[in-house]
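Colleague: Enclosed is the structure file input_32.csv (CSV, C-alpha atoms).
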```
chain,number,residue,atom,x,y,z
N,284,MET,CA,86.9,-175.3,31.0
N,285,HIS,CA,88.4,-176.9,34.0
N,286,ILE,CA,91.6,-175.4,35.6
N,287,ARG,CA,93.8,-177.7,37.6
N,288,ARG,CA,95.5,-176.2,40.7
N,289,GLY,CA,98.3,-178.7,40.9
N,290,ILE,CA,101.0,-179.5,38.4
N,291,THR,CA,102.9,-182.7,38.1
N,292,ALA,CA,106.7,-182.9,37.6
N,293,ALA,CA,106.2,-184.4,34.2
N,294,ALA,CA,103.9,-181.7,33.1
N,295,LEU,CA,106.3,-179.1,34.4
N,296,ALA,CA,109.2,-180.7,32.5
N,297,ALA,CA,107.1,-180.7,29.3
N,298,VAL,CA,106.1,-177.1,29.6
N,299,THR,CA,109.7,-176.1,30.3
N,300,ALA,CA,111.0,-178.1,27.4
N,301,THR,CA,108.5,-176.7,24.9
N,302,SER,CA,108.4,-173.1,26.1
N,303,GLY,CA,112.1,-172.4,26.7
N,304,VAL,CA,111.4,-171.0,30.1
N,305,VAL,CA,114.2,-171.5,32.6
N,306,LEU,CA,113.2,-172.0,36.2
N,307,THR,CA,115.6,-170.9,38.8
N,308,ALA,CA,115.8,-171.5,42.5
N,309,PRO,CA,114.3,-168.9,44.8
N,310,ALA,CA,116.6,-166.1,46.0
N,311,ALA,CA,116.8,-167.6,49.5
N,312,TYR,CA,118.8,-170.4,48.0
N,313,ALA,CA,121.1,-168.3,46.0
N,314,ALA,CA,124.8,-169.1,46.5
N,315,ASN,CA,126.4,-165.7,47.0
N,316,THR,CA,125.4,-162.0,46.8
N,317,THR,CA,127.7,-159.3,45.6
N,318,SER,CA,127.4,-155.7,46.6
N,319,SER,CA,129.5,-152.6,45.8
N,320,LYS,CA,130.0,-149.3,47.6
N,321,LEU,CA,131.5,-146.2,46.0
N,322,TYR,CA,133.6,-143.7,48.0
N,323,LYS,CA,134.5,-140.4,46.4
N,324,PHE,CA,137.7,-138.5,47.4
N,325,TYR,CA,138.9,-135.2,46.1
N,326,PRO,CA,142.6,-134.5,46.2
N,327,GLY,CA,143.4,-130.9,47.0
N,328,GLY,CA,146.4,-128.8,45.8
N,329,GLY,CA,146.9,-125.2,44.9
N,330,TYR,CA,145.0,-122.4,46.5
N,331,LYS,CA,143.2,-123.1,49.8
N,332,SER,CA,140.7,-126.0,49.5
N,333,THR,CA,140.9,-126.3,45.7
N,334,ARG,CA,139.9,-129.7,44.5
N,335,THR,CA,142.1,-130.7,41.6
N,336,GLY,CA,140.5,-134.0,40.7
N,337,GLU,CA,138.4,-136.9,41.8
N,338,ILE,CA,139.4,-140.4,43.0
N,339,ASP,CA,136.8,-143.2,43.2
N,340,PHE,CA,137.3,-146.1,45.6
N,341,VAL,CA,134.9,-148.9,44.9
N,342,VAL,CA,134.7,-151.7,47.4
N,343,THR,CA,133.0,-155.0,46.4
N,344,THR,CA,132.0,-157.7,48.8
N,345,VAL,CA,130.7,-161.2,48.3
N,346,ARG,CA,128.6,-162.8,51.0
N,347,ASP,CA,127.1,-166.3,51.2
N,348,ARG,CA,123.4,-166.9,51.7
N,349,LYS,CA,123.9,-166.7,55.5
N,350,GLY,CA,125.5,-163.3,55.2
N,351,ASN,CA,129.0,-164.5,56.0
N,352,LEU,CA,131.8,-162.7,54.2
N,353,VAL,CA,133.4,-164.7,51.4
N,354,SER,CA,135.7,-162.2,49.8
N,355,ALA,CA,136.3,-158.5,49.3
N,356,SER,CA,138.0,-156.5,46.6
N,357,GLY,CA,138.5,-152.9,45.5
N,358,THR,CA,139.3,-150.7,42.6
N,359,LEU,CA,140.7,-147.2,42.4
N,360,SER,CA,140.1,-144.8,39.5
N,361,GLY,CA,140.1,-141.1,39.0
N,362,HIS,CA,140.6,-138.1,36.8
N,363,ASN,CA,141.8,-134.5,36.8
N,364,ASN,CA,139.4,-131.6,36.9
N,365,VAL,CA,138.8,-130.5,33.3
N,366,GLN,CA,138.3,-126.8,33.9
N,367,GLY,CA,141.2,-125.6,31.8
N,368,GLN,CA,143.2,-124.5,34.9
N,369,ALA,CA,147.0,-124.2,34.5
N,370,LEU,CA,147.6,-126.5,37.5
N,371,GLY,CA,147.1,-130.2,36.7
N,372,ILE,CA,147.9,-133.4,38.5
N,373,ASN,CA,149.2,-136.8,37.3
N,374,MET,CA,147.8,-139.8,39.0
N,375,ALA,CA,149.6,-143.2,39.3
N,376,PHE,CA,147.3,-145.9,40.8
N,377,THR,CA,148.3,-149.0,42.7
N,378,GLN,CA,145.1,-151.0,42.8
N,379,PRO,CA,143.9,-152.2,46.3
N,380,TYR,CA,144.9,-155.5,47.6
N,381,ALA,CA,142.9,-157.5,50.2
N,382,ASN,CA,144.6,-158.8,53.3
N,383,GLY,CA,142.7,-161.1,55.6
N,384,ASN,CA,140.3,-164.0,55.6
N,385,GLY,CA,136.6,-164.8,56.2
N,386,ALA,CA,136.7,-163.0,59.5
N,387,GLY,CA,137.5,-159.7,57.8
N,388,TYR,CA,139.5,-158.1,55.1
N,389,THR,CA,141.5,-154.9,55.0
N,390,LEU,CA,141.8,-153.3,51.5
N,391,THR,CA,144.7,-151.0,50.9
N,392,GLY,CA,145.5,-149.1,47.7
N,393,LYS,CA,147.6,-146.1,46.8
N,394,VAL,CA,147.6,-143.2,44.4
N,395,VAL,CA,150.7,-141.1,43.8
N,396,LEU,CA,149.8,-137.5,42.9
N,397,GLN,CA,152.2,-135.2,41.2
N,398,SER,CA,151.5,-131.5,40.4
N,399,CYS,CA,152.3,-130.2,37.0
N,400,ILE,CA,152.8,-126.6,35.9
N,401,ALA,CA,150.7,-127.1,32.8
N,402,LYS,CA,148.5,-130.1,32.0
N,403,LYS,CA,150.1,-130.9,28.7
N,404,LEU,CA,153.8,-130.1,29.6
N,405,PRO,CA,156.1,-132.6,31.3
N,406,VAL,CA,157.2,-129.9,33.8
N,407,CYS,CA,156.2,-131.5,37.1
N,408,GLY,CA,156.6,-130.5,40.7
N,409,PRO,CA,156.2,-132.1,44.1
N,410,SER,CA,154.4,-135.4,44.6
N,411,GLY,CA,152.5,-137.1,47.4
N,412,THR,CA,151.0,-140.5,48.1
N,413,ILE,CA,147.5,-141.0,49.3
N,414,THR,CA,146.8,-144.4,50.9
N,415,PHE,CA,143.2,-145.6,50.8
N,416,THR,CA,142.0,-148.3,53.3
N,417,ASN,CA,138.7,-150.0,54.1
N,418,ARG,CA,138.0,-152.7,56.6
N,419,VAL,CA,135.3,-155.2,55.7
N,420,VAL,CA,134.2,-157.4,58.7
N,421,LYS,CA,132.6,-160.8,58.7
N,422,TYR,CA,129.1,-159.7,59.9
N,423,GLY,CA,127.3,-156.4,59.5
N,424,PRO,CA,128.1,-153.3,57.5
N,425,GLN,CA,131.6,-152.4,56.5
N,426,THR,CA,133.5,-149.4,57.9
N,427,PRO,CA,133.7,-146.3,55.8
N,428,ALA,CA,136.8,-146.0,53.6
N,429,THR,CA,139.5,-143.6,54.6
N,430,ALA,CA,142.3,-141.8,52.8
N,431,LYS,CA,145.5,-140.5,54.3
N,432,SER,CA,147.9,-138.2,52.6
N,433,SER,CA,151.7,-138.5,53.0
N,434,ASN,CA,151.8,-134.7,52.9
N,435,PRO,CA,148.4,-133.3,54.1
N,436,LYS,CA,149.5,-129.6,53.8
N,437,LEU,CA,150.5,-130.0,50.1
N,438,TRP,CA,148.0,-132.7,49.2
N,439,PRO,CA,144.9,-132.6,51.4
N,440,VAL,CA,142.2,-135.1,50.7
N,441,PHE,CA,138.5,-134.2,50.9
N,442,SER,CA,135.7,-136.8,50.9
N,443,THR,CA,131.9,-136.9,50.7
N,444,PRO,CA,129.9,-138.6,53.4
```
Would you kindly transcribe this structure into structure tokens?
Modeller:
Amino acid sequence: MHIRRGITAAALAAVTATSGVVLTAPAAYAANTTSSKLYKFYPGGGYKSTRTGEIDFVVTTVRDRKGNLVSASGTLSGHNNVQGQALGINMAFTQPYANGNGAGYTLTGKVVLQSCIAKKLPVCGPSGTITFTNRVVKYGPQTPATAKSSNPKLWPVFSTP
């Protein structure tokens, strides 16, 4: 049995056509790469540093094969703690929007929190707005996302590193 080391283009086309194998370009020639980073924030409210829920801020970036920034986007989602406590919070999300260009984007999103006397009753109390921002630059890693409360005494925000 003789094994040939080289393969002709016609032979490659015949093998591909009969085997159903799809050949793709090497990763070095891929058009864009997409990556996402998750930031977790915990709104406070109630006694001392009680965490009344979780808000996830996901930042997605698209870079070209040279590493240049093509676009950036983000999503906000969250939930109340489900521990059966009397205090609950309502969350109203304004999804992040990107402002900028290929040199860098700033993502800004908001969540309005409103405390409720009981989770299932419409008796609601004071509210506060938490603004989430993230700066994604053209080259290198993005800056960590930040959250700023409109009323940090009533609605403090905790994050994980």
Colleague: Could you tell me how far atom CA of N:Ala381 sits from atom CA of N:Ala355, in Å to one decimal place?
Modeller: 6.7 Å
Colleague: Let me make sure I understand: among N:Thr344, N:Asn373, N:Asn434, N:Asn363, which one has the smallest atom-to-atom distance to N:Arg418 if we use only C-alpha atoms?
Modeller: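 Among the listed residues, the smallest separation from N:Arg418 belongs to N:Thr344.
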Colleague: Name all residues at most 12 Å from N:Asn417 (count all atoms listed in the file; drop same-chain ones fewer than 2 positions away) and give them as a PyMOL selection string.
Modeller: chain N and resi 320-322+340-344+355-358+379-383+387-392+414-415+419-420+424-431
Colleague: In Å to one decimal, how far is atom CA of N:Val394 from atom CA of N:Ile413?
Modeller: 5.4 Å
Colleague: So how far away is atom CA of N:Ser442 from atom CA of N:Lys323, in Å?
Modeller: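 Going from atom CA of N:Lys323 over to atom CA of N:Ser442, I get 5.9 Å.
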Colleague: Could you pull the residues within 8 Å of N:Tyr422, counting only C-alpha atoms, minus those fewer than 4 positions along the same chain, as a PyMOL selection string?
Modeller: chain N and resi 350-352
Colleague: May I ask you to restore N, CA and C atoms in stretch 404-432 of chain N and write the result as a short mmCIF file (atom, residue, chain, number, x, y, z; two decimals), in the frame of the given file?
Modeller:
```
data_model
loop_
_atom_site.label_atom_id
_atom_site.label_comp_id
_atom_site.auth_asym_id
_atom_site.auth_seq_id
_atom_site.Cartn_x
_atom_site.Cartn_y
_atom_site.Cartn_z
N LEU N 404 152.31 -130.18 29.56
CA LEU N 404 153.80 -130.10 29.60
C LEU N 404 154.33 -131.08 30.60
N PRO N 405 155.50 -131.64 30.34
CA PRO N 405 156.10 -132.60 31.30
C PRO N 405 156.83 -131.87 32.45
N VAL N 406 156.53 -130.61 32.74
CA VAL N 406 157.20 -129.90 33.80
C VAL N 406 156.39 -130.18 35.10
N CYS N 407 156.93 -131.08 35.91
CA CYS N 407 156.20 -131.50 37.10
C CYS N 407 156.87 -131.13 38.36
N GLY N 408 156.08 -130.96 39.38
CA GLY N 408 156.60 -130.50 40.70
C GLY N 408 156.46 -131.61 41.73
N PRO N 409 156.17 -131.20 42.96
CA PRO N 409 156.20 -132.10 44.10
C PRO N 409 155.06 -133.19 43.98
N SER N 410 155.35 -134.33 44.59
CA SER N 410 154.40 -135.40 44.60
C SER N 410 154.00 -135.79 46.01
N GLY N 411 152.98 -136.57 46.13
CA GLY N 411 152.50 -137.10 47.40
C GLY N 411 151.78 -138.38 47.19
N THR N 412 151.74 -139.21 48.21
CA THR N 412 151.00 -140.50 48.10
C THR N 412 149.82 -140.46 49.02
N ILE N 413 148.70 -140.89 48.47
CA ILE N 413 147.50 -141.00 49.30
C ILE N 413 147.18 -142.50 49.39
N THR N 414 147.06 -142.95 50.63
CA THR N 414 146.80 -144.40 50.90
C THR N 414 145.31 -144.50 51.28
N PHE N 415 144.63 -145.39 50.58
CA PHE N 415 143.20 -145.60 50.80
C PHE N 415 143.06 -146.97 51.52
N THR N 416 142.25 -147.01 52.57
CA THR N 416 142.00 -148.30 53.30
C THR N 416 140.51 -148.41 53.58
N ASN N 417 140.11 -149.66 53.68
CA ASN N 417 138.70 -150.00 54.10
C ASN N 417 138.77 -151.33 54.75
N ARG N 418 138.06 -151.43 55.86
CA ARG N 418 138.00 -152.70 56.60
C ARG N 418 136.58 -153.26 56.43
N VAL N 419 136.52 -154.49 55.95
CA VAL N 419 135.30 -155.20 55.70
C VAL N 419 135.25 -156.35 56.75
N VAL N 420 134.23 -156.39 57.61
CA VAL N 420 134.20 -157.40 58.70
C VAL N 420 133.23 -158.54 58.25
N LYS N 421 133.33 -159.64 59.00
CA LYS N 421 132.60 -160.80 58.70
C LYS N 421 131.06 -160.60 58.69
N TYR N 422 130.58 -159.96 59.73
CA TYR N 422 129.10 -159.70 59.90
C TYR N 422 128.89 -158.20 59.86
N GLY N 423 127.74 -157.80 59.40
CA GLY N 423 127.30 -156.40 59.50
C GLY N 423 127.93 -155.53 58.42
N PRO N 424 127.67 -154.23 58.54
CA PRO N 424 128.10 -153.30 57.50
C PRO N 424 129.65 -153.06 57.61
N GLN N 425 130.22 -152.68 56.48
CA GLN N 425 131.60 -152.40 56.50
C GLN N 425 131.90 -150.99 57.00
N THR N 426 133.12 -150.76 57.44
CA THR N 426 133.50 -149.40 57.90
C THR N 426 133.67 -148.51 56.73
N PRO N 427 133.49 -147.21 56.91
CA PRO N 427 133.70 -146.30 55.80
C PRO N 427 135.19 -146.29 55.36
N ALA N 428 135.42 -146.09 54.09
CA ALA N 428 136.80 -146.00 53.60
C ALA N 428 137.45 -144.74 54.03
N THR N 429 138.75 -144.80 54.21
CA THR N 429 139.50 -143.60 54.60
C THR N 429 140.65 -143.38 53.65
N ALA N 430 141.11 -142.15 53.62
CA ALA N 430 142.30 -141.80 52.80
C ALA N 430 143.20 -140.95 53.65
N LYS N 431 144.49 -141.26 53.56
CA LYS N 431 145.50 -140.50 54.30
C LYS N 431 146.59 -140.09 53.39
N SER N 432 146.90 -138.80 53.44
CA SER N 432 147.90 -138.20 52.60
C SER N 432 149.27 -138.25 53.26
#
```
